[in-house]
>>> print(open('data09.cif').read())   # mmCIF, C-alpha atoms
data_query
#
loop_
_atom_site.label_atom_id
_atom_site.label_comp_id
_atom_site.auth_asym_id
_atom_site.auth_seq_id
_atom_site.Cartn_x
_atom_site.Cartn_y
_atom_site.Cartn_z
CA MET Y 1 0.00 0.00 0.00
CA LYS Y 2 1.35 3.38 -1.01
CA LYS Y 3 1.05 6.55 0.98
CA SER Y 4 0.78 10.05 -0.55
CA LEU Y 5 3.40 12.53 0.57
CA GLY Y 6 2.27 15.49 -1.55
CA LYS Y 7 4.05 17.88 -3.90
CA LYS Y 8 7.56 17.36 -2.58
CA PRO Y 9 10.98 17.10 -4.26
CA LEU Y 10 11.54 13.49 -3.17
CA ALA Y 11 13.36 11.05 -5.41
CA ALA Y 12 16.47 8.97 -4.96
CA PRO Y 13 19.38 8.81 -5.43
CA ALA Y 14 20.39 12.49 -5.44
CA PRO Y 15 24.01 13.53 -6.03
CA VAL Y 16 26.29 15.52 -3.75
CA TRP Y 17 28.00 17.77 -6.24
CA ALA Y 18 30.21 20.72 -5.37
CA VAL Y 19 29.48 23.42 -7.93
CA GLY Y 20 32.61 25.53 -8.41
CA ALA Y 21 32.57 29.07 -9.78
CA TYR Y 22 34.56 32.29 -9.50
CA ASP Y 23 32.55 35.05 -7.87
CA LEU Y 24 32.14 38.62 -9.17
CA GLU Y 25 35.52 39.53 -7.65
CA GLY Y 26 37.26 36.49 -9.10
CA LYS Y 27 37.48 34.55 -5.83
CA PRO Y 28 36.92 30.79 -6.03
CA ASN Y 29 33.76 29.51 -4.37
CA ALA Y 30 31.88 26.21 -4.20
CA MET Y 31 28.41 25.23 -3.05
CA ILE Y 32 26.71 21.86 -2.83
CA ALA Y 33 23.95 20.98 -5.28
CA ALA Y 34 21.79 17.90 -4.78
CA TRP Y 35 19.39 19.06 -7.49
CA GLY Y 36 21.10 18.10 -10.74
CA GLY Y 37 21.93 15.35 -13.20
CA ILE Y 38 23.29 14.51 -16.62
CA VAL Y 39 21.09 16.03 -19.34
CA SER Y 40 22.52 14.83 -22.65
CA SER Y 41 24.97 12.27 -24.00
CA LYS Y 42 26.07 14.43 -26.94
CA PRO Y 43 27.20 17.06 -26.58
CA ALA Y 44 27.72 15.70 -23.09
CA SER Y 45 25.85 18.08 -20.80
CA ILE Y 46 25.08 18.31 -17.10
CA ALA Y 47 22.61 20.37 -15.05
CA VAL Y 48 22.74 21.85 -11.57
CA SER Y 49 20.06 23.96 -9.92
CA VAL Y 50 21.02 27.03 -7.89
CA GLN Y 51 18.86 29.54 -6.05
CA LYS Y 52 19.31 33.21 -7.05
CA ALA Y 53 20.22 34.18 -3.50
CA ARG Y 54 23.25 31.87 -3.55
CA HIS Y 55 26.70 33.45 -3.90
CA THR Y 56 27.47 31.03 -6.72
CA TYR Y 57 24.57 32.25 -8.88
CA ALA Y 58 26.01 35.54 -10.15
CA GLY Y 59 29.46 34.02 -10.56
CA ILE Y 60 28.26 31.35 -12.97
CA LEU Y 61 26.38 33.94 -15.02
CA LYS Y 62 29.37 36.29 -15.16
CA HIS Y 63 31.98 33.69 -16.04
CA ARG Y 64 29.63 31.52 -18.18
CA ALA Y 65 31.22 28.44 -16.65
CA PHE Y 66 31.06 26.08 -13.67
CA THR Y 67 32.57 22.82 -12.51
CA VAL Y 68 31.07 19.82 -10.75
CA SER Y 69 33.41 18.16 -8.25
CA VAL Y 70 31.81 14.89 -7.15
CA ALA Y 71 31.99 14.62 -3.35
CA ASP Y 72 33.20 11.31 -1.96
CA VAL Y 73 32.70 9.55 1.35
CA ALA Y 74 36.17 10.59 2.56
CA HIS Y 75 35.24 14.27 2.27
CA ALA Y 76 31.61 14.09 3.38
CA ALA Y 77 31.97 16.59 6.23
CA GLN Y 78 33.80 19.14 4.07
CA ALA Y 79 31.22 18.71 1.30
CA ASP Y 80 28.39 19.17 3.78
CA TYR Y 81 29.99 22.38 5.02
CA LEU Y 82 30.00 23.75 1.45
CA GLY Y 83 26.21 23.51 1.63
CA ILE Y 84 25.88 25.22 5.00
CA ASP Y 85 27.70 28.57 4.94
CA SER Y 86 27.88 31.14 2.14
CA GLY Y 87 30.89 32.29 0.15
CA LYS Y 88 29.52 35.81 0.64
CA ASP Y 89 30.67 35.67 4.25
CA ILE Y 90 33.54 33.23 4.32
CA ASP Y 91 36.28 31.60 2.24
CA LYS Y 92 34.98 28.03 2.31
CA PHE Y 93 38.22 26.68 0.84
CA ALA Y 94 40.19 28.18 3.75
CA ALA Y 95 37.61 26.93 6.26
CA THR Y 96 37.69 23.33 5.03
CA GLY Y 97 41.30 23.08 3.83
CA LEU Y 98 40.09 22.07 0.37
CA THR Y 99 42.21 23.27 -2.58
CA PRO Y 100 40.71 25.23 -5.49
CA VAL Y 101 42.35 24.50 -8.85
CA ARG Y 102 41.90 26.83 -11.83
CA SER Y 103 40.48 24.88 -14.75
CA GLU Y 104 42.58 25.26 -17.89
CA LEU Y 105 39.49 24.76 -20.05
CA VAL Y 106 36.70 26.80 -18.48
CA ASP Y 107 36.64 29.91 -16.29
CA ALA Y 108 35.87 28.14 -13.04
CA PRO Y 109 37.70 26.40 -10.18
CA TYR Y 110 37.38 22.78 -9.13
CA ILE Y 111 38.25 20.94 -5.90
CA ASP Y 112 41.54 19.07 -6.09
CA GLU Y 113 40.72 16.61 -3.30
CA PHE Y 114 37.49 15.32 -4.90
CA PRO Y 115 38.00 12.27 -7.14
CA LEU Y 116 35.84 13.08 -10.18
CA ILE Y 117 35.63 16.51 -11.83
CA VAL Y 118 33.37 17.76 -14.61
CA GLU Y 119 34.35 21.07 -16.27
CA CYS Y 120 31.55 22.92 -18.06
CA THR Y 121 30.78 25.95 -20.15
CA LEU Y 122 27.32 27.39 -19.51
CA THR Y 123 24.87 26.76 -22.35
CA ASN Y 124 21.34 27.08 -20.89
CA VAL Y 125 19.75 28.99 -18.05
CA LEU Y 126 16.18 28.03 -17.14
CA GLU Y 127 14.21 29.46 -14.25
CA VAL Y 128 12.03 26.79 -12.62
CA GLY Y 129 10.24 28.13 -9.56
CA VAL Y 130 12.64 29.06 -6.78
CA HIS Y 131 15.63 27.49 -8.57
CA VAL Y 132 17.54 28.35 -11.72
CA GLN Y 133 18.77 25.38 -13.71
CA PHE Y 134 22.21 25.87 -15.23
CA ILE Y 135 23.08 23.44 -18.01
CA GLY Y 136 26.71 23.18 -19.00
CA GLU Y 137 28.39 21.48 -21.92
CA ILE Y 138 31.12 19.21 -20.61
CA ALA Y 139 34.59 20.34 -21.74
CA ASP Y 140 36.39 17.56 -19.88
CA VAL Y 141 36.04 14.98 -17.13
CA LYS Y 142 39.03 14.45 -14.85
CA VAL Y 143 39.45 11.46 -12.55
CA ASP Y 144 42.11 10.49 -10.01
CA GLU Y 145 44.17 8.10 -12.07
CA ASP Y 146 44.32 5.52 -9.28
CA LYS Y 147 40.49 5.38 -9.26
CA MET Y 148 39.95 4.10 -12.77
CA SER Y 149 39.31 0.74 -14.36
CA GLY Y 150 40.23 0.76 -18.03
CA SER Y 151 38.97 4.04 -19.46
CA ALA Y 152 36.20 4.62 -16.89
CA PRO Y 153 35.98 5.75 -13.27
CA LEU Y 154 35.68 2.75 -10.95
CA PRO Y 155 32.61 3.28 -8.74
CA GLU Y 156 34.03 1.36 -5.77
CA ALA Y 157 37.16 3.55 -5.87
CA ILE Y 158 35.38 6.87 -6.47
CA GLN Y 159 32.97 6.21 -3.57
CA PRO Y 160 30.53 8.97 -4.52
CA LEU Y 161 28.35 10.33 -1.74
CA ILE Y 162 24.63 9.74 -2.17
CA PHE Y 163 22.03 12.10 -0.74
CA THR Y 164 18.44 11.15 0.04
CA PRO Y 165 15.98 14.07 0.10
CA GLY Y 166 13.44 13.87 2.89
CA ALA Y 167 15.67 11.81 5.17
CA ARG Y 168 18.47 14.33 4.46
CA THR Y 169 21.16 11.69 4.93
CA TYR Y 170 24.36 10.78 3.12
CA HIS Y 171 25.22 7.19 2.26
CA GLY Y 172 28.12 5.52 0.52
CA LEU Y 173 27.85 3.19 -2.43
CA GLY Y 174 26.68 -0.32 -1.60
CA GLN Y 175 27.30 -3.71 -3.15
CA LEU Y 176 27.48 -4.34 -6.86
CA VAL Y 177 24.05 -5.49 -8.05
CA GLY Y 178 24.87 -6.16 -11.70
CA LYS Y 179 25.75 -4.79 -15.10
CA ALA Y 180 23.45 -2.47 -17.01
CA PHE Y 181 22.09 -3.53 -20.41
CA SER Y 182 22.83 -7.09 -19.36
CA MET Y 183 20.96 -8.31 -16.29
CA GLY Y 184 17.62 -7.47 -17.90
CA LEU Y 185 18.17 -9.77 -20.87
CA GLU Y 186 16.52 -12.64 -18.98
CA TYR Y 187 13.17 -10.94 -19.69
CA ARG Y 188 13.70 -10.82 -23.45
CA LYS Y 189 11.66 -13.41 -25.29
CA LYS Y 190 13.80 -15.95 -27.10
CA MET U 191 47.18 13.05 -10.23
CA LYS U 192 44.11 13.45 -12.38
CA LYS U 193 43.61 11.98 -15.82
CA SER U 194 41.52 13.60 -18.57
CA LEU U 195 38.72 11.48 -20.00
CA GLY U 196 37.36 14.02 -22.49
CA LYS U 197 33.87 15.33 -23.23
CA LYS U 198 31.90 12.47 -21.72
CA PRO U 199 28.68 12.28 -19.67
CA LEU U 200 30.41 10.89 -16.58
CA ALA U 201 29.27 11.87 -13.11
CA ALA U 202 28.01 9.89 -10.16
CA PRO U 203 25.65 8.91 -8.74
CA ALA U 204 23.08 8.60 -11.54
CA PRO U 205 19.51 7.44 -10.85
CA VAL U 206 17.69 4.43 -12.27
CA TRP U 207 14.28 5.90 -12.91
CA ALA U 208 11.50 4.22 -14.84
CA VAL U 209 9.74 6.94 -16.81
CA GLY U 210 6.11 5.96 -17.28
CA ALA U 211 3.88 7.33 -20.04
CA TYR U 212 0.90 6.28 -22.13
CA ASP U 213 1.80 5.95 -25.79
CA LEU U 214 -0.13 7.44 -28.72
CA GLU U 215 -2.59 4.52 -28.58
CA GLY U 216 -3.06 4.83 -24.83
CA LYS U 217 -0.98 1.77 -23.92
CA PRO U 218 1.18 2.03 -20.79
CA ASN U 219 4.92 2.04 -21.37
CA ALA U 220 8.02 2.65 -19.29
CA MET U 221 11.66 3.26 -20.11
CA ILE U 222 14.70 3.73 -17.89
CA ALA U 223 16.30 7.15 -17.60
CA ALA U 224 19.65 7.61 -15.90
CA TRP U 225 19.88 11.19 -17.14
CA GLY U 226 17.71 13.15 -14.75
CA GLY U 227 17.39 14.81 -11.38
CA ILE U 228 15.36 17.11 -9.19
CA VAL U 229 15.23 20.62 -10.69
CA SER U 230 13.39 22.78 -8.19
CA SER U 231 12.16 22.67 -4.61
CA LYS U 232 9.08 24.85 -5.26
CA PRO U 233 7.07 24.09 -7.22
CA ALA U 234 8.72 20.71 -6.72
CA SER U 235 9.96 19.71 -10.18
CA ILE U 236 11.94 16.84 -11.65
CA ALA U 237 13.70 16.32 -15.01
CA VAL U 238 14.31 13.27 -17.18
CA SER U 239 16.05 13.22 -20.55
CA VAL U 240 14.63 11.12 -23.38
CA GLN U 241 15.84 10.67 -26.96
CA LYS U 242 13.34 11.49 -29.72
CA ALA U 243 13.60 7.98 -31.15
CA ARG U 244 12.30 6.47 -27.90
CA HIS U 245 8.72 5.20 -27.80
CA THR U 246 8.15 7.20 -24.62
CA TYR U 247 8.96 10.53 -26.27
CA ALA U 248 5.75 11.10 -28.25
CA GLY U 249 3.64 9.73 -25.42
CA ILE U 250 4.88 12.29 -22.92
CA LEU U 251 4.26 15.12 -25.39
CA LYS U 252 0.75 13.90 -26.22
CA HIS U 253 -0.38 13.31 -22.65
CA ARG U 254 1.62 16.21 -21.12
CA ALA U 255 2.49 13.96 -18.19
CA PHE U 256 4.92 11.33 -16.98
CA THR U 257 5.77 9.44 -13.82
CA VAL U 258 9.09 8.48 -12.27
CA SER U 259 9.06 5.09 -10.54
CA VAL U 260 12.32 4.74 -8.60
CA ALA U 261 13.85 1.32 -9.30
CA ASP U 262 15.04 -0.62 -6.28
CA VAL U 263 17.60 -3.39 -5.81
CA ALA U 264 14.89 -6.06 -5.65
CA HIS U 265 13.72 -5.18 -9.19
CA ALA U 266 17.10 -4.44 -10.79
CA ALA U 267 16.76 -6.97 -13.60
CA GLN U 268 13.25 -5.85 -14.51
CA ALA U 269 14.35 -2.21 -14.44
CA ASP U 270 17.33 -3.01 -16.63
CA TYR U 271 15.05 -4.71 -19.14
CA LEU U 272 12.94 -1.52 -19.38
CA GLY U 273 16.09 0.15 -20.75
CA ILE U 274 16.88 -2.59 -23.27
CA ASP U 275 13.84 -3.25 -25.47
CA SER U 276 11.35 -0.77 -26.89
CA GLY U 277 7.66 -0.43 -26.17
CA LYS U 278 7.24 -0.03 -29.94
CA ASP U 279 7.84 -3.76 -30.29
CA ILE U 280 6.79 -5.29 -27.04
CA ASP U 281 4.61 -4.86 -23.96
CA LYS U 282 7.35 -4.46 -21.37
CA PHE U 283 4.88 -4.81 -18.50
CA ALA U 284 3.80 -8.21 -19.77
CA ALA U 285 7.42 -9.25 -20.39
CA THR U 286 8.59 -8.36 -16.87
CA GLY U 287 5.43 -9.04 -14.90
CA LEU U 288 5.45 -5.49 -13.56
CA THR U 289 2.05 -3.86 -12.99
CA PRO U 290 1.08 -0.52 -14.54
CA VAL U 291 -1.19 1.62 -12.35
CA ARG U 292 -3.14 4.55 -13.77
CA SER U 293 -2.28 7.70 -11.86
CA GLU U 294 -5.36 9.47 -10.50
CA LEU U 295 -3.60 12.81 -10.74
CA VAL U 296 -1.77 12.86 -14.07
CA ASP U 297 -2.34 11.13 -17.41
CA ALA U 298 0.44 8.56 -17.03
CA PRO U 299 1.00 5.10 -15.53
CA TYR U 300 3.41 4.16 -12.75
CA ILE U 301 4.89 0.84 -11.65
CA ASP U 302 3.16 -0.67 -8.65
CA GLU U 303 6.11 -2.84 -7.55
CA PHE U 304 8.59 0.06 -7.30
CA PRO U 305 8.75 1.64 -3.83
CA LEU U 306 8.84 5.38 -4.60
CA ILE U 307 6.69 7.09 -7.26
CA VAL U 308 6.73 10.67 -8.51
CA GLU U 309 3.72 11.81 -10.58
CA CYS U 310 4.30 14.79 -12.86
CA THR U 311 2.61 17.15 -15.26
CA LEU U 312 4.87 18.30 -18.07
CA THR U 313 5.95 21.94 -17.75
CA ASN U 314 9.12 22.35 -19.85
CA VAL U 315 10.60 20.70 -22.91
CA LEU U 316 14.21 21.57 -23.70
CA GLU U 317 16.24 20.07 -26.53
CA VAL U 318 19.87 19.56 -25.52
CA GLY U 319 21.85 17.80 -28.24
CA VAL U 320 20.65 14.24 -28.82
CA HIS U 321 18.35 14.32 -25.77
CA VAL U 322 15.18 16.19 -24.91
CA GLN U 323 14.84 17.22 -21.29
CA PHE U 324 11.31 16.92 -19.94
CA ILE U 325 10.67 18.84 -16.74
CA GLY U 326 7.57 17.95 -14.77
CA GLU U 327 5.91 19.63 -11.84
CA ILE U 328 5.38 17.06 -9.11
CA ALA U 329 1.68 16.45 -8.41
CA ASP U 330 2.35 13.82 -5.73
CA VAL U 331 4.97 11.47 -4.33
CA LYS U 332 3.81 8.02 -3.27
CA VAL U 333 5.84 5.66 -1.09
CA ASP U 334 5.27 2.12 0.14
CA GLU U 335 3.96 2.83 3.62
CA ASP U 336 6.22 0.19 5.19
CA LYS U 337 9.28 2.01 3.78
CA MET U 338 8.91 5.28 5.61
CA SER U 339 10.37 6.83 8.72
CA GLY U 340 8.17 9.60 10.05
CA SER U 341 7.00 11.62 7.03
CA ALA U 342 9.91 10.72 4.73
CA PRO U 343 10.99 7.69 2.69
CA LEU U 344 13.60 5.66 4.60
CA PRO U 345 16.63 5.23 2.31
CA GLU U 346 17.62 1.85 3.78
CA ALA U 347 14.10 0.54 3.13
CA ILE U 348 13.67 2.07 -0.32
CA GLN U 349 17.04 0.65 -1.48
CA PRO U 350 17.21 2.78 -4.64
CA LEU U 351 19.38 1.45 -7.44
CA ILE U 352 22.40 3.58 -8.29
CA PHE U 353 23.87 3.67 -11.79
CA THR U 354 27.43 4.68 -12.60
CA PRO U 355 27.99 5.94 -16.16
CA GLY U 356 31.18 4.68 -17.77
CA ALA U 357 31.35 1.53 -15.65
CA ARG U 358 27.66 0.93 -16.55
CA THR U 359 27.03 -0.88 -13.28
CA TYR U 360 24.24 -0.88 -10.73
CA HIS U 361 24.94 -0.70 -7.01
CA GLY U 362 22.79 -0.66 -3.91
CA LEU U 363 22.92 1.97 -1.21
CA GLY U 364 25.86 1.64 1.19
CA GLN U 365 26.38 2.54 4.81
CA LEU U 366 25.05 5.68 6.43
CA VAL U 367 27.79 8.32 6.36
CA GLY U 368 26.02 11.10 8.24
CA LYS U 369 23.32 13.73 8.32
CA ALA U 370 23.23 16.60 5.85
CA PHE U 371 23.41 20.18 7.15
CA SER U 372 24.96 18.73 10.29
CA MET U 373 28.25 16.89 9.79
CA GLY U 374 29.81 19.94 8.14
CA LEU U 375 29.29 22.18 11.17
CA GLU U 376 32.71 21.17 12.52
CA TYR U 377 34.23 23.48 9.88
CA ARG U 378 32.23 26.51 10.98
CA LYS U 379 34.37 28.97 12.94
CA LYS U 380 33.18 29.42 16.49
#
>>> encode(input="data09.cif", output="structure tokens")
Amino acid sequence: MKKSLGKKPLAAPAPVWAVGAYDLEGKPNAMIAAWGGIVSSKPASIAVSVQKARHTYAGILKHRAFTVSVADVAHAAQADYLGIDSGKDIDKFAATGLTPVRSELVDAPYIDEFPLIVECTLTNVLEVGVHVQFIGEIADVKVDEDKMSGSAPLPEAIQPLIFTPGARTYHGLGQLVGKAFSMGLEYRKK
Amino acid sequence: MKKSLGKKPLAAPAPVWAVGAYDLEGKPNAMIAAWGGIVSSKPASIAVSVQKARHTYAGILKHRAFTVSVADVAHAAQADYLGIDSGKDIDKFAATGLTPVRSELVDAPYIDEFPLIVECTLTNVLEVGVHVQFIGEIADVKVDEDKMSGSAPLPEAIQPLIFTPGARTYHGLGQLVGKAFSMGLEYRKK
């Protein structure tokens, strides 16, 4: 039996993505977005939603660029802090000890300590209620080279944080369940 | 040391969401979207990206509605199958044994066996390269009542599937790492 919870932004999993941008004065800043996802395979594009009151908002619009640094379990507390205080008031890199790195491809900083980085140029801005969705075309993905398997990031090594709206908790990645485009074949009629 | 992987749609975690829609003939269909995420808190809105060639595409446009049924670990193989074959050729509900339920709120079906359902009316259609992003305003969220804690879905009971692009694997949810808006407070200056 299902229970109605109403018009709420509840779905799982949600990401824990640090959105990096230079502010209007050129200082590096990062905030956490849990509202976001990949939007297109080609050109590879990713979306994050930001409220207009956030310090990051004007910076992305000015520099037409942002990065997504995927938070991992090892840096959960630092990532959470990036979603608590504002870069208006404080240098969150100094507060957490995280290191901003200037992207060579887009006008935005990323977080050196996070294992998986997506560098983006801004292509679409869409206001949806209280949030503004920024879509960026992916200029490059960078991964810690010891956290790869073949040509792809290894999920068990990346250990991305997973956020659940409603419960407002972070979890790590659990056990391997199976391979996509493979385990479903048992339902295909012979 | 970080390694460049190029312009690829790699970020984690990605969801495993069954997008439900009636087709042009009114038959229920569902496909899997891993490209999607919450877009706005108010009005609560969610996005999924669909390619124009998919059977689901025209159905969402005709009925101006879709649902997101969050796939769980227990139904990983069925969910995977929904991303393999097309509703053009086959009744995927019959093939998997999953049960389509007509939403009372929006003109779309959801999957009874999946634990967390989001019912949406279509509000925005945005073409981004090879994908079209559908944004829907959330009319209701429904959760199996034995998988809640207080007024929110309990992540450990929901057991949402987690997809990792690149590796193309499904994982379950891992251990609790901490509470959001709480574990980061240690970095706030007293």
>>> resolve_selection(input="data09.cif", expression="the PyMOL selection byres ((chain Y and resi 98-100) around 12)", output="number ranges by chain")
Y: 18-22, 27-30, 67, 69, 71, 75, 77-79, 81-82, 91-97, 101-103, 108-114, 117; U: 377
>>> closest_residue(input="data09.cif", among="U:His253, U:Lys242, U:Lys198, U:Arg378", to="U:Leu214", atoms="all atoms listed in the file")
U:His253
>>> resolve_selection(input="data09.cif", expression="the PyMOL selection byres ((chain U and resi 343) around 9)", output="ChimeraX atom specification")
/Y:10,164-167 /U:306,333-335,337-342,344-348
>>> closest_residue(input="data09.cif", among="U:Ile352, U:Ala266, U:Val318, U:Thr311", to="U:Ala201", atoms="all atoms listed in the file")
U:Ile352
>>> residues_around(input="data09.cif", residues="Y:Trp17", least_positions_apart="6", cutoff="9 Å", atoms="all atoms listed in the file", output="CSV table (one decimal) with C-alpha atoms, keeping the file's coordinate frame")
chain,number,residue,atom,x,y,z
Y,31,MET,CA,28.4,25.2,-3.0
Y,32,ILE,CA,26.7,21.9,-2.8
Y,33,ALA,CA,24.0,21.0,-5.3
Y,34,ALA,CA,21.8,17.9,-4.8
Y,35,TRP,CA,19.4,19.1,-7.5
Y,36,GLY,CA,21.1,18.1,-10.7
Y,48,VAL,CA,22.7,21.8,-11.6
Y,68,VAL,CA,31.1,19.8,-10.8
Y,69,SER,CA,33.4,18.2,-8.2
Y,70,VAL,CA,31.8,14.9,-7.2
Y,71,ALA,CA,32.0,14.6,-3.4
Y,79,ALA,CA,31.2,18.7,1.3
Y,161,LEU,CA,28.4,10.3,-1.7
U,202,ALA,CA,28.0,9.9,-10.2
>>> resolve_selection(input="data09.cif", expression="the PyMOL selection byres ((chain Y and resi 178) around 9)", output="PyMOL selection string")
(chain Y and resi 176-177+179-180+182-183) or (chain U and resi 266-267+359-361)
>>> decode(input="data09.cif", residues="stretch 296-360 of chain U", atoms="C-alpha atoms", output="mmCIF file, in the first residue's frame")
data_model
loop_
_atom_site.group_PDB
_atom_site.id
_atom_site.type_symbol
_atom_site.label_atom_id
_atom_site.label_comp_id
_atom_site.auth_asym_id
_atom_site.auth_seq_id
_atom_site.Cartn_x
_atom_site.Cartn_y
_atom_site.Cartn_z
ATOM 1 C CA VAL U 296 -1.772 12.860 -14.068
ATOM 2 C CA ASP U 297 -2.335 11.126 -17.409
ATOM 3 C CA ALA U 298 0.441 8.556 -17.032
ATOM 4 C CA PRO U 299 1.001 5.098 -15.528
ATOM 5 C CA TYR U 300 3.412 4.160 -12.747
ATOM 6 C CA ILE U 301 4.892 0.841 -11.649
ATOM 7 C CA ASP U 302 3.161 -0.668 -8.649
ATOM 8 C CA GLU U 303 6.106 -2.836 -7.554
ATOM 9 C CA PHE U 304 8.590 0.057 -7.303
ATOM 10 C CA PRO U 305 8.754 1.641 -3.832
ATOM 11 C CA LEU U 306 8.838 5.383 -4.598
ATOM 12 C CA ILE U 307 6.688 7.087 -7.257
ATOM 13 C CA VAL U 308 6.730 10.666 -8.514
ATOM 14 C CA GLU U 309 3.718 11.809 -10.583
ATOM 15 C CA CYS U 310 4.297 14.790 -12.859
ATOM 16 C CA THR U 311 2.606 17.148 -15.260
ATOM 17 C CA LEU U 312 4.875 18.298 -18.071
ATOM 18 C CA THR U 313 5.951 21.941 -17.748
ATOM 19 C CA ASN U 314 9.115 22.354 -19.853
ATOM 20 C CA VAL U 315 10.600 20.698 -22.912
ATOM 21 C CA LEU U 316 14.213 21.571 -23.696
ATOM 22 C CA GLU U 317 16.239 20.072 -26.530
ATOM 23 C CA VAL U 318 19.866 19.563 -25.525
ATOM 24 C CA GLY U 319 21.848 17.803 -28.236
ATOM 25 C CA VAL U 320 20.650 14.243 -28.818
ATOM 26 C CA HIS U 321 18.350 14.324 -25.766
ATOM 27 C CA VAL U 322 15.181 16.194 -24.913
ATOM 28 C CA GLN U 323 14.838 17.219 -21.292
ATOM 29 C CA PHE U 324 11.310 16.923 -19.938
ATOM 30 C CA ILE U 325 10.674 18.837 -16.738
ATOM 31 C CA GLY U 326 7.574 17.951 -14.771
ATOM 32 C CA GLU U 327 5.907 19.626 -11.839
ATOM 33 C CA ILE U 328 5.378 17.063 -9.107
ATOM 34 C CA ALA U 329 1.677 16.446 -8.406
ATOM 35 C CA ASP U 330 2.348 13.820 -5.726
ATOM 36 C CA VAL U 331 4.970 11.471 -4.333
ATOM 37 C CA LYS U 332 3.813 8.023 -3.269
ATOM 38 C CA VAL U 333 5.844 5.664 -1.092
ATOM 39 C CA ASP U 334 5.269 2.116 0.139
ATOM 40 C CA GLU U 335 3.963 2.827 3.620
ATOM 41 C CA ASP U 336 6.222 0.192 5.194
ATOM 42 C CA LYS U 337 9.279 2.007 3.781
ATOM 43 C CA MET U 338 8.905 5.282 5.605
ATOM 44 C CA SER U 339 10.366 6.826 8.716
ATOM 45 C CA GLY U 340 8.169 9.601 10.048
ATOM 46 C CA SER U 341 7.002 11.615 7.031
ATOM 47 C CA ALA U 342 9.915 10.724 4.727
ATOM 48 C CA PRO U 343 10.993 7.689 2.694
ATOM 49 C CA LEU U 344 13.600 5.661 4.601
ATOM 50 C CA PRO U 345 16.626 5.226 2.305
ATOM 51 C CA GLU U 346 17.621 1.848 3.776
ATOM 52 C CA ALA U 347 14.096 0.541 3.131
ATOM 53 C CA ILE U 348 13.674 2.068 -0.322
ATOM 54 C CA GLN U 349 17.043 0.647 -1.481
ATOM 55 C CA PRO U 350 17.214 2.778 -4.638
ATOM 56 C CA LEU U 351 19.383 1.446 -7.437
ATOM 57 C CA ILE U 352 22.398 3.578 -8.290
ATOM 58 C CA PHE U 353 23.870 3.672 -11.789
ATOM 59 C CA THR U 354 27.433 4.675 -12.595
ATOM 60 C CA PRO U 355 27.988 5.941 -16.160
ATOM 61 C CA GLY U 356 31.184 4.681 -17.768
ATOM 62 C CA ALA U 357 31.348 1.532 -15.652
ATOM 63 C CA ARG U 358 27.663 0.930 -16.551
ATOM 64 C CA THR U 359 27.029 -0.879 -13.280
ATOM 65 C CA TYR U 360 24.240 -0.877 -10.727
#
